[in-house]
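work_12.tsv (TSV, C-alpha atoms and all ligand atoms)
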chain	number	residue	atom	x	y	z
E	28	MET	CA	-52.11	-30.18	185.26
E	29	SER	CA	-53.43	-28.42	182.18
E	30	LEU	CA	-51.22	-27.14	179.43
E	31	PRO	CA	-53.50	-25.61	176.77
E	32	HIS	CA	-52.26	-25.80	173.18
E	33	PHE	CA	-49.03	-27.12	174.51
E	34	THR	CA	-47.31	-29.84	172.62
E	35	ILE	CA	-44.06	-31.42	173.58
E	36	SER	CA	-42.67	-31.16	170.04
E	37	SER	CA	-43.24	-27.40	169.81
E	38	ALA	CA	-41.72	-26.98	173.28
E	39	ARG	CA	-38.75	-29.05	172.12
E	40	ILE	CA	-38.25	-26.79	169.09
E	41	ARG	CA	-38.54	-23.66	171.23
E	42	LEU	CA	-36.10	-24.97	173.80
E	43	THR	CA	-33.68	-26.09	171.06
E	44	LEU	CA	-33.78	-22.58	169.57
E	45	THR	CA	-33.26	-21.00	173.00
E	46	TYR	CA	-30.19	-23.16	173.67
E	47	LEU	CA	-28.92	-22.46	170.14
E	48	VAL	CA	-29.34	-18.70	170.56
E	49	ILE	CA	-27.35	-18.86	173.81
E	50	ILE	CA	-24.56	-20.95	172.23
E	51	MET	CA	-24.38	-18.77	169.08
E	52	THR	CA	-24.47	-15.50	171.06
E	53	LEU	CA	-21.51	-16.70	173.10
E	54	THR	CA	-19.61	-17.98	170.05
E	55	LEU	CA	-20.24	-14.84	167.98
E	56	GLY	CA	-19.36	-12.64	170.97
E	57	PHE	CA	-16.07	-14.49	171.51
E	58	SER	CA	-15.37	-14.37	167.75
E	59	ALA	CA	-15.91	-10.59	167.66
E	60	VAL	CA	-13.60	-10.03	170.65
E	61	PHE	CA	-10.99	-12.39	169.18
E	62	TYR	CA	-11.22	-10.66	165.76
E	63	ASN	CA	-10.80	-7.15	167.19
E	64	GLN	CA	-7.89	-8.14	169.40
E	65	SER	CA	-6.13	-10.03	166.59
E	66	ILE	CA	-6.51	-7.09	164.17
E	67	ALA	CA	-5.27	-4.59	166.79
E	68	GLU	CA	-2.25	-6.80	167.49
E	69	ALA	CA	-1.57	-7.24	163.76
E	70	GLU	CA	-1.74	-3.48	163.21
E	71	GLN	CA	0.74	-2.87	166.02
E	72	ASN	CA	3.09	-5.53	164.64
E	73	LEU	CA	2.84	-4.11	161.11
E	74	GLN	CA	3.59	-0.60	162.34
E	75	ARG	CA	6.69	-1.91	164.07
E	76	GLN	CA	7.68	-3.95	161.00
E	77	GLN	CA	6.98	-1.04	158.66
E	78	GLN	CA	9.92	0.90	160.11
E	79	GLY	CA	12.28	-2.05	159.69
E	80	LEU	CA	10.99	-2.66	156.16
E	81	GLN	CA	11.58	0.98	155.25
E	82	ASP	CA	15.26	0.67	156.35
E	83	TYR	CA	15.66	-2.62	154.46
E	84	LEU	CA	13.93	-1.48	151.25
E	85	TYR	CA	16.11	1.58	151.07
E	86	PHE	CA	15.08	2.66	147.54
E	87	THR	CA	11.41	2.04	148.00
E	88	SER	CA	9.14	5.00	148.82
E	89	PRO	CA	7.31	5.12	152.21
E	90	GLU	CA	3.95	5.05	150.32
E	91	THR	CA	4.88	1.74	148.68
E	92	VAL	CA	5.98	0.28	152.05
E	93	ALA	CA	2.68	1.49	153.59
E	94	GLY	CA	0.86	-0.10	150.64
E	95	ILE	CA	2.62	-3.45	151.26
E	96	ALA	CA	1.68	-3.23	154.96
E	97	ASP	CA	-1.97	-2.41	154.09
E	98	ALA	CA	-2.12	-5.31	151.66
E	99	GLN	CA	-0.75	-7.64	154.36
E	100	LEU	CA	-3.33	-6.37	156.83
E	101	THR	CA	-6.17	-6.82	154.33
E	102	ASN	CA	-4.95	-10.35	153.61
E	103	PHE	CA	-4.79	-11.14	157.31
E	104	ARG	CA	-8.24	-9.66	157.89
E	105	GLY	CA	-9.70	-11.74	155.04
E	106	SER	CA	-8.17	-15.00	156.17
E	107	LEU	CA	-9.14	-14.35	159.82
E	108	LEU	CA	-12.73	-13.60	158.82
E	109	LYS	CA	-12.84	-16.75	156.71
E	110	ARG	CA	-11.58	-18.91	159.57
E	111	LEU	CA	-14.00	-17.36	162.03
E	112	ALA	CA	-16.87	-17.85	159.56
E	113	ILE	CA	-15.96	-21.55	159.21
E	114	LEU	CA	-15.69	-21.86	163.00
E	115	ASN	CA	-19.10	-20.23	163.50
E	116	ALA	CA	-20.71	-22.36	160.79
E	117	GLY	CA	-19.26	-25.42	162.53
E	118	MET	CA	-20.58	-24.19	165.87
E	119	LEU	CA	-24.01	-23.62	164.33
E	120	THR	CA	-24.16	-27.23	163.14
E	121	LEU	CA	-22.73	-28.70	166.33
E	122	GLY	CA	-24.79	-26.27	168.47
E	123	THR	CA	-28.02	-27.36	166.74
E	124	ILE	CA	-27.29	-31.01	167.47
E	125	VAL	CA	-26.22	-30.34	171.08
E	126	SER	CA	-29.22	-28.04	171.68
E	127	TYR	CA	-31.66	-30.62	170.31
E	128	VAL	CA	-30.18	-33.40	172.47
E	129	LEU	CA	-30.23	-31.14	175.56
E	130	ALA	CA	-33.82	-30.02	174.87
E	131	ARG	CA	-34.95	-33.64	174.51
E	132	ARG	CA	-33.24	-34.53	177.77
E	133	SER	CA	-34.66	-31.54	179.65
E	134	LEU	CA	-38.21	-32.26	178.48
E	135	ARG	CA	-38.16	-36.00	179.09
E	136	PRO	CA	-39.49	-35.84	182.71
E	137	LEU	CA	-42.29	-33.51	181.57
E	138	GLU	CA	-43.07	-35.83	178.66
E	139	GLU	CA	-43.26	-38.82	181.03
E	140	ALA	CA	-45.47	-36.88	183.48
E	141	LEU	CA	-47.85	-35.92	180.68
E	142	ALA	CA	-48.02	-39.50	179.40
E	143	ALA	CA	-48.73	-40.75	182.95
E	144	GLN	CA	-51.39	-38.06	183.37
E	145	SER	CA	-53.19	-39.02	180.18
E	146	ARG	CA	-52.94	-42.74	181.07
E	147	PHE	CA	-54.44	-41.88	184.47
E	148	THR	CA	-57.31	-39.92	182.91
E	149	SER	CA	-58.18	-42.71	180.52
E	150	ASP	CA	-57.96	-45.35	183.29
E	151	ALA	CA	-60.20	-43.21	185.52
E	152	ALA	CA	-62.71	-42.72	182.69
E	153	HIS	CA	-62.73	-46.45	182.02
E	154	GLU	CA	-63.33	-47.29	185.70
E	155	LEU	CA	-66.11	-44.71	185.93
E	156	ARG	CA	-67.78	-45.98	182.77
E	157	THR	CA	-68.17	-49.58	184.00
E	158	PRO	CA	-70.69	-48.89	186.83
E	159	LEU	CA	-72.39	-46.20	184.75
E	160	THR	CA	-72.95	-48.65	181.90
E	161	ALA	CA	-74.34	-51.21	184.37
E	162	ILE	CA	-76.80	-48.66	185.80
E	163	LYS	CA	-77.87	-47.56	182.33
E	164	THR	CA	-78.31	-51.07	180.94
E	165	GLU	CA	-80.31	-52.34	183.92
E	166	THR	CA	-82.58	-49.31	183.88
E	167	GLU	CA	-83.14	-49.57	180.11
E	168	VAL	CA	-83.97	-53.29	180.34
E	169	ALA	CA	-86.38	-52.66	183.23
E	170	LEU	CA	-88.14	-49.88	181.33
E	171	ARG	CA	-88.41	-51.95	178.15
E	172	GLY	CA	-90.62	-54.57	179.84
E	173	ARG	CA	-94.38	-54.01	179.73
E	174	LYS	CA	-94.91	-54.34	183.43
E	175	LEU	CA	-92.53	-53.88	186.29
E	176	ASP	CA	-93.74	-55.29	189.57
E	177	SER	CA	-92.45	-53.92	192.81
E	178	THR	CA	-90.13	-56.92	193.47
E	179	GLU	CA	-88.41	-56.44	190.10
E	180	ALA	CA	-88.26	-52.68	190.58
E	181	ARG	CA	-86.67	-53.13	194.00
E	182	ALA	CA	-84.09	-55.55	192.56
E	183	VAL	CA	-83.16	-53.04	189.85
E	184	LEU	CA	-82.95	-50.21	192.36
E	185	ARG	CA	-80.82	-52.31	194.73
E	186	SER	CA	-78.44	-53.21	191.95
E	187	ASN	CA	-78.25	-49.58	190.80
E	188	LEU	CA	-77.56	-48.50	194.36
E	189	GLU	CA	-74.68	-50.98	194.51
E	190	GLU	CA	-73.21	-49.53	191.33
E	191	ALA	CA	-73.73	-45.99	192.64
E	192	ASN	CA	-71.85	-46.99	195.80
E	193	LYS	CA	-68.96	-48.21	193.66
E	194	LEU	CA	-68.99	-44.87	191.83
E	195	GLU	CA	-68.91	-43.08	195.17
E	196	ILE	CA	-65.96	-45.15	196.42
E	197	LEU	CA	-64.07	-44.50	193.20
E	198	THR	CA	-64.73	-40.76	193.05
E	199	ASN	CA	-63.80	-40.41	196.74
E	200	ALA	CA	-60.55	-42.27	196.10
E	201	LEU	CA	-59.83	-40.07	193.07
E	202	LEU	CA	-60.53	-36.94	195.12
E	203	ARG	CA	-58.26	-38.07	197.95
E	204	LEU	CA	-55.51	-38.85	195.47
E	205	ALA	CA	-55.90	-35.47	193.76
E	206	ARG	CA	-55.77	-33.74	197.17
E	207	SER	CA	-52.65	-35.62	198.17
E	208	SER	CA	-50.77	-34.35	195.11
E	209	GLU	CA	-51.77	-30.71	195.66
E	210	LYS	CA	-49.37	-28.31	197.33
E	211	ILE	CA	-49.03	-29.33	200.97
E	212	ASP	CA	-50.75	-27.05	203.47
E	213	LYS	CA	-48.77	-27.44	206.69
E	214	SER	CA	-50.83	-24.91	208.66
E	215	ASN	CA	-52.75	-27.62	210.54
E	216	TRP	CA	-49.79	-29.92	211.05
E	217	GLN	CA	-49.26	-30.89	214.67
E	218	ASP	CA	-47.60	-33.53	216.81
E	219	TYR	CA	-49.73	-36.66	217.15
E	220	LYS	CA	-49.34	-39.89	219.03
E	221	LEU	CA	-48.73	-42.64	216.51
E	222	GLY	CA	-50.80	-44.97	218.71
E	223	ASP	CA	-53.89	-42.73	218.31
E	224	ILE	CA	-53.46	-42.64	214.53
E	225	LEU	CA	-53.20	-46.43	214.32
E	226	ASP	CA	-56.25	-46.78	216.59
E	227	ALA	CA	-58.26	-44.47	214.32
E	228	ALA	CA	-57.20	-46.42	211.21
E	229	ARG	CA	-58.22	-49.70	212.86
E	230	ALA	CA	-61.60	-48.24	213.90
E	231	ARG	CA	-62.30	-47.35	210.25
E	232	LEU	CA	-61.63	-50.94	209.22
E	233	ALA	CA	-63.45	-52.59	212.13
E	234	ASP	CA	-66.50	-53.66	210.06
E	235	LYS	CA	-64.43	-55.18	207.28
E	236	ALA	CA	-62.19	-57.01	209.73
E	237	ARG	CA	-65.21	-58.34	211.65
E	238	GLN	CA	-66.84	-59.64	208.46
E	239	ARG	CA	-63.67	-61.57	207.63
E	240	HIS	CA	-62.97	-62.59	211.26
E	241	VAL	CA	-59.56	-61.03	210.91
E	242	SER	CA	-57.99	-59.58	214.04
E	243	ILE	CA	-55.88	-56.42	213.79
E	244	LYS	CA	-53.24	-56.40	216.53
E	245	LEU	CA	-51.80	-52.99	217.37
E	246	PRO	CA	-48.72	-52.42	219.57
E	247	ARG	CA	-48.32	-49.97	222.43
E	248	THR	CA	-46.14	-47.11	221.33
E	249	GLY	CA	-45.16	-43.73	222.70
E	250	ALA	CA	-43.85	-42.50	219.32
E	251	VAL	CA	-44.99	-39.05	218.22
E	252	VAL	CA	-45.18	-38.02	214.59
E	253	HIS	CA	-45.75	-34.63	213.02
E	254	GLY	CA	-48.27	-33.98	210.27
E	255	ASP	CA	-51.87	-33.76	209.18
E	256	PRO	CA	-53.92	-36.16	211.35
E	257	ASP	CA	-56.51	-37.04	208.68
E	258	GLN	CA	-53.81	-37.68	206.11
E	259	LEU	CA	-51.79	-39.81	208.54
E	260	ILE	CA	-54.89	-41.95	209.18
E	261	GLU	CA	-55.45	-42.12	205.39
E	262	LEU	CA	-51.88	-43.40	205.10
E	263	PHE	CA	-52.50	-46.45	207.31
E	264	VAL	CA	-56.08	-47.26	206.22
E	265	PRO	CA	-55.13	-48.68	202.79
E	266	LEU	CA	-52.16	-50.59	204.20
E	267	VAL	CA	-54.05	-52.22	207.08
E	268	GLY	CA	-57.16	-52.50	204.86
E	269	ASN	CA	-55.20	-54.40	202.20
E	270	ALA	CA	-53.71	-56.67	204.84
E	271	VAL	CA	-57.28	-57.57	205.86
E	272	LYS	CA	-58.58	-57.73	202.29
E	273	TYR	CA	-55.84	-59.98	200.93
E	274	SER	CA	-55.72	-62.35	203.93
E	275	PRO	CA	-57.71	-65.54	204.40
E	276	ASP	CA	-60.58	-65.41	206.89
E	277	LYS	CA	-59.62	-65.68	210.55
E	278	SER	CA	-55.96	-64.87	209.95
E	279	PRO	CA	-54.18	-62.20	212.01
E	280	VAL	CA	-52.91	-58.84	210.84
E	281	VAL	CA	-50.11	-57.60	213.07
E	282	VAL	CA	-48.77	-54.05	213.31
E	283	LYS	CA	-45.31	-53.55	214.84
E	284	VAL	CA	-43.54	-50.30	215.66
E	285	ARG	CA	-39.75	-49.99	215.59
E	286	PRO	CA	-38.26	-46.64	216.60
E	287	GLY	CA	-34.62	-45.66	215.91
E	288	ASP	CA	-32.33	-43.19	214.05
E	289	GLY	CA	-34.81	-40.33	214.43
E	290	LYS	CA	-37.38	-42.41	212.57
E	291	VAL	CA	-40.21	-44.72	213.38
E	292	ARG	CA	-40.88	-47.80	211.29
E	293	VAL	CA	-44.38	-49.23	211.28
E	294	ASP	CA	-44.66	-52.77	209.91
E	295	VAL	CA	-48.06	-53.94	208.72
E	296	ILE	CA	-47.72	-57.72	208.52
E	297	ASP	CA	-50.19	-60.17	207.03
E	298	ARG	CA	-50.19	-63.87	206.21
E	299	GLY	CA	-52.29	-63.41	203.13
E	300	ILE	CA	-51.97	-64.18	199.44
E	301	GLY	CA	-48.69	-62.25	199.02
E	302	ILE	CA	-47.55	-60.41	195.91
E	303	ALA	CA	-45.76	-62.03	192.98
E	304	GLU	CA	-42.30	-60.69	192.12
E	305	VAL	CA	-43.48	-59.43	188.71
E	306	ASP	CA	-46.15	-57.29	190.37
E	307	LEU	CA	-44.02	-55.84	193.17
E	308	PRO	CA	-42.44	-53.00	191.14
E	309	HIS	CA	-45.89	-51.86	189.94
E	310	ILE	CA	-48.18	-51.98	192.99
E	311	PHE	CA	-47.67	-48.28	193.78
E	312	GLU	CA	-48.79	-47.26	190.27
E	313	ARG	CA	-52.25	-45.74	190.04
E	314	PHE	CA	-54.96	-48.26	189.04
E	315	TYR	CA	-52.51	-51.16	189.15
E	316	ARG	CA	-54.06	-54.34	190.52
E	317	ALA	CA	-51.93	-57.44	190.66
E	318	ASP	CA	-53.24	-60.50	188.89
E	319	PRO	CA	-56.92	-59.63	188.30
E	320	SER	CA	-57.95	-63.30	188.52
E	321	ARG	CA	-56.85	-63.40	192.15
E	322	ASN	CA	-58.70	-60.17	192.83
E	323	LYS	CA	-61.98	-61.24	191.27
E	324	THR	CA	-63.62	-62.07	194.57
E	325	ARG	CA	-62.36	-58.83	196.15
E	326	ALA	CA	-63.92	-56.31	193.84
E	327	ASP	CA	-63.83	-53.41	196.31
E	328	GLY	CA	-60.62	-51.93	195.05
E	329	TYR	CA	-59.39	-49.79	192.21
E	330	GLY	CA	-55.64	-49.84	192.66
E	331	LEU	CA	-55.63	-46.37	194.21
E	332	GLY	CA	-54.95	-47.22	197.88
E	333	LEU	CA	-51.19	-47.74	197.70
E	334	PRO	CA	-50.49	-44.68	195.46
E	335	LEU	CA	-52.43	-42.57	197.98
E	336	ALA	CA	-50.51	-44.04	200.95
E	337	GLN	CA	-47.20	-43.48	199.17
E	338	ALA	CA	-48.04	-39.85	198.31
E	339	ILE	CA	-48.99	-39.13	201.95
E	340	ALA	CA	-45.85	-40.82	203.30
E	341	ALA	CA	-43.67	-38.79	200.91
E	342	ALA	CA	-45.45	-35.53	201.88
E	343	HIS	CA	-44.59	-36.30	205.52
E	344	GLY	CA	-40.92	-36.93	204.74
E	345	GLY	CA	-41.29	-40.70	204.84
E	346	LYS	CA	-41.54	-43.70	202.56
E	347	ILE	CA	-43.08	-47.16	202.23
E	348	ILE	CA	-41.05	-50.31	201.74
E	349	VAL	CA	-42.66	-53.63	200.84
E	350	LYS	CA	-41.49	-57.19	201.29
E	351	SER	CA	-43.70	-59.98	200.10
E	352	LYS	CA	-43.63	-63.66	199.25
E	353	TYR	CA	-46.25	-64.95	196.87
E	354	GLY	CA	-48.61	-67.24	198.76
E	355	GLN	CA	-47.07	-66.50	202.15
E	356	GLY	CA	-47.87	-62.90	203.07
E	357	SER	CA	-46.63	-59.35	202.92
E	358	THR	CA	-45.02	-56.73	205.14
E	359	PHE	CA	-45.54	-53.07	204.30
E	360	THR	CA	-43.18	-50.85	206.30
E	361	VAL	CA	-43.93	-47.14	206.70
E	362	GLU	CA	-40.90	-45.08	207.66
E	363	LEU	CA	-41.70	-41.68	209.18
E	364	PRO	CA	-39.56	-39.06	210.92
E	365	VAL	CA	-40.32	-38.80	214.66
E	366	VAL	CA	-40.62	-35.63	216.72
R	401	LIG	P1	-56.55	-52.19	195.66
R	401	LIG	O1	-57.67	-51.26	195.85
R	401	LIG	O2	-56.66	-53.05	194.46
R	401	LIG	O3	-56.25	-52.98	196.90
R	401	LIG	P2	-54.03	-50.91	196.13
R	401	LIG	O4	-53.40	-49.77	195.44
R	401	LIG	O5	-54.29	-50.77	197.59
R	401	LIG	O6	-55.32	-51.24	195.34
R	401	LIG	O7	-53.10	-52.16	195.90
R	401	LIG	C1	-52.62	-52.48	194.61
R	401	LIG	C2	-52.46	-53.96	194.44
R	401	LIG	O8	-51.39	-54.44	195.26
R	401	LIG	C3	-53.67	-54.76	194.87
R	401	LIG	O9	-54.61	-54.88	193.84
R	401	LIG	C4	-53.08	-56.10	195.26
R	401	LIG	O10	-52.92	-56.88	194.11
R	401	LIG	C5	-51.68	-55.73	195.74
R	401	LIG	N1	-51.61	-55.70	197.23
R	401	LIG	C6	-51.57	-54.59	198.01
R	401	LIG	N2	-51.48	-54.93	199.32
R	401	LIG	C7	-51.46	-56.27	199.36
R	401	LIG	C8	-51.34	-57.24	200.42
R	401	LIG	N3	-51.25	-56.87	201.70
R	401	LIG	N4	-51.33	-58.55	200.08
R	401	LIG	C9	-51.40	-58.92	198.80
R	401	LIG	N5	-51.50	-58.07	197.75
R	401	LIG	C10	-51.53	-56.77	198.02
When written as structure tokens, how does the structure in this file appear?
Ligand code: ADP
Amino acid sequence: MSLPHFTISSARIRLTLTYLVIIMTLTLGFSAVFYNQSIAEAEQNLQRQQQGLQDYLYFTSPETVAGIADAQLTNFRGSLLKRLAILNAGMLTLGTIVSYVLARRSLRPLEEALAAQSRFTSDAAHELRTPLTAIKTETEVALRGRKLDSTEARAVLRSNLEEANKLEILTNALLRLARSSEKIDKSNWQDYKLGDILDAARARLADKARQRHVSIKLPRTGAVVHGDPDQLIELFVPLVGNAVKYSPDKSPVVVKVRPGDGKVRVDVIDRGIGIAEVDLPHIFERFYRADPSRNKTRADGYGLGLPLAQAIAAAHGGKIIVKSKYGQGSTFTVELPVV
């Protein structure tokens, strides 16, 4: 999202003025109608009264009676104008306050989105800078030495390659996340067997699971879901991947499928480290990683997996619910509409 030269405070002033113009146009319009009607009514009344007055003030000339009536009308006009002016001045003051409060309220979601966007950009820049700095420092140190034998050179290159891999993982994750928040293109959406999608997600994680001796148990299911196949696989990869990543070696990761109410619920269950209650409300935020000390040994993560999964689930009319007990394990449930 780019809003050149756009500041929230100037937008707030503009919106306040817009609301105020609307309020004052309505108030002035009503005042004008009210004034004209009141004067027309007063003139009619005075004309009727003028005849009666003429009969009562028998010795007074018609010009004098007309003069008295005119004076009354002028008085009435003056006092009406004064009251309407006070009313409009009051409305201007009240309208300014109301407009400002309304403008603040209307712009709050935009303000929050902009703050989140700038936080995201600075977090992304920070994460990108860490491997870049490592590559730069190692290369500089290697070049500073007089001689660089092939063993040292290989070590530096290997380490740089590792950092470059991290950069690749991060930029891919950022790209996937950016794509998931773009306008949804439903042209390639089709019906897919949920079983095939889960199989594909497991195949992507096979190496990781093998390294950790973690088994991923998938159920048999005939459920069919509608959507983008790649995105649906991307939805389950971080959930099953996390279950593997945050579980002790040799522990099982079990996936269960529960159909019902026009929906299908997929539970991804692990007996891993679990998530503390304080972290639970934040784990779907971009770049959020619970308790960094626990994550130290599992550096292959940037806190972008769950936000991506959540965005894909939402785009497919579903949601993700999490239940977790610190130290005992977690269950991530994906709820999707079925065909
Ligand atoms: P990451 O790349 O760090 O795994 P995610 O967005 O996938 O990022 O997850 C955010 C955080 O939520 C993780 O850093 C981890 O602390 C916590 N988390 C997610 N899934 C699990 C799980 N199955 N068990 C324990 N903690 C988890």
Checklist entry - Do you know which residues are within 7 Å of ligand LIG 401 (chain R) using all atoms listed in the file? Can you write them as a PyMOL selection string? => result chain E and resi 265-266+269-270+273-274+297+299-302+310-311+313-318+322+327-334+356-357
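Among the candidate residues E:Gly94, E:Gly354, E:Gly117, E:Gly172, the one lying nearest to E:Met51 is E:Gly117, with distances computed using all atoms listed in the file.
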Checklist entry - By how many Å are atom CA of E:Arg41 and atom CA of E:Leu129 apart? => result 12.0 Å
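Each of E:Ile66, E:Leu201, E:Ala59, E:Lys109 was checked against E:Phe147 using only C-alpha atoms; the smallest atom-to-atom distance is that of E:Leu201.
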Checklist entry - Do you know which residues are at most 12 Å from E:Ser36 counting only C-alpha atoms, after dropping those on the same chain fewer than 6 positions away, and could you put them as JSON, numbers by chain? => result {"E": [42, 43, 127, 130, 131, 134, 135, 137, 138]}
Checklist outcome for this item: Of E:Leu111, E:Val361, E:Val251, E:Leu159, the one nearest to E:Asp223 when counting only C-alpha atoms is E:Val251
Checklist entry - Which of these residues is nearest to E:Ser278, using all atoms listed in the file: E:Arg247, E:Gln355, E:Gln217, E:Ile339? => result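 Answer, going by the shortest atom-to-atom distance: E:Gln355.
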Checklist entry - So which one's closest to E:Glu154, E:Leu119, E:Leu197, E:Leu114, E:Arg132? Using all atoms listed in the file, please. => result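 Counting all atoms listed in the file, the residue closest to E:Glu154 is E:Leu197.
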Item to check | Residue nearest E:Phe61 among E:Phe263, E:Leu107, E:Asp176, E:Ala233 (counting all atoms listed in the file) | outcome: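 When distances to E:Phe61 are compared using all atoms listed in the file, the smallest one comes from E:Leu107.
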Next on the checklist: Within 10 Å of (-14.3, -11.8, 166.2) (file coordinates; all atoms listed in the file), which protein or nucleic acid residues are there? I'd like them as a PyMOL selection string.
Outcome noted: chain E and resi 54-66+107-108+111-112
Checklist entry - Which distance in Å separates atom CA of E:Met118 and atom CA of E:Phe103, to one decimal? => result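 Atom-to-atom, atom CA of E:Met118 to atom CA of E:Phe103, that is 22.2 Å.
Our summary of the geometry notes that atom CA of E:Asn187 is positioned 23.6 Å from atom CA of E:Ser149.
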Checklist entry - Can you tell me, as a VMD selection string, what residues are no more than 7 Å from stretch 293-296 of chain E when counting all atoms listed in the file, ignoring any on the same chain fewer than 4 positions away? => result chain E and resid 266 to 267 280 to 285 357 to 362
Box in all listed atoms of stretch 240-259 of chain E, axis-aligned, with 3 Å more on each side; write out centre and edge lengths in Å to one decimal as AutoDock Vina command-line options.
--center_x -53.4 --center_y -48.2 --center_z 214.4 --size_x 25.1 --size_y 34.8 --size_z 22.6
Checklist entry - Which neighbours of E:Leu47 fall inside 8 Å, counting only C-alpha atoms, when residues of the same chain fewer than 2 positions from it are skipped, and could you give them as a ChimeraX atom specification? => result /E:43-45,49-51,119,122-123,126
Applying 7 Å and only C-alpha atoms, which residues near E:Ile224 remain after dropping the ones on its own chain fewer than 3 positions away? List them as a short mmCIF file (atom, residue, chain, number, x, y, z; two decimals) with C-alpha atoms, in the coordinates of the input.
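Contents of part.cif, as written:
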data_model
loop_
_atom_site.label_atom_id
_atom_site.label_comp_id
_atom_site.auth_asym_id
_atom_site.auth_seq_id
_atom_site.Cartn_x
_atom_site.Cartn_y
_atom_site.Cartn_z
CA LYS E 220 -49.34 -39.89 219.03
CA LEU E 221 -48.73 -42.64 216.51
CA ALA E 227 -58.26 -44.47 214.32
CA ALA E 228 -57.20 -46.42 211.21
CA LEU E 259 -51.79 -39.81 208.54
CA ILE E 260 -54.89 -41.95 209.18
#
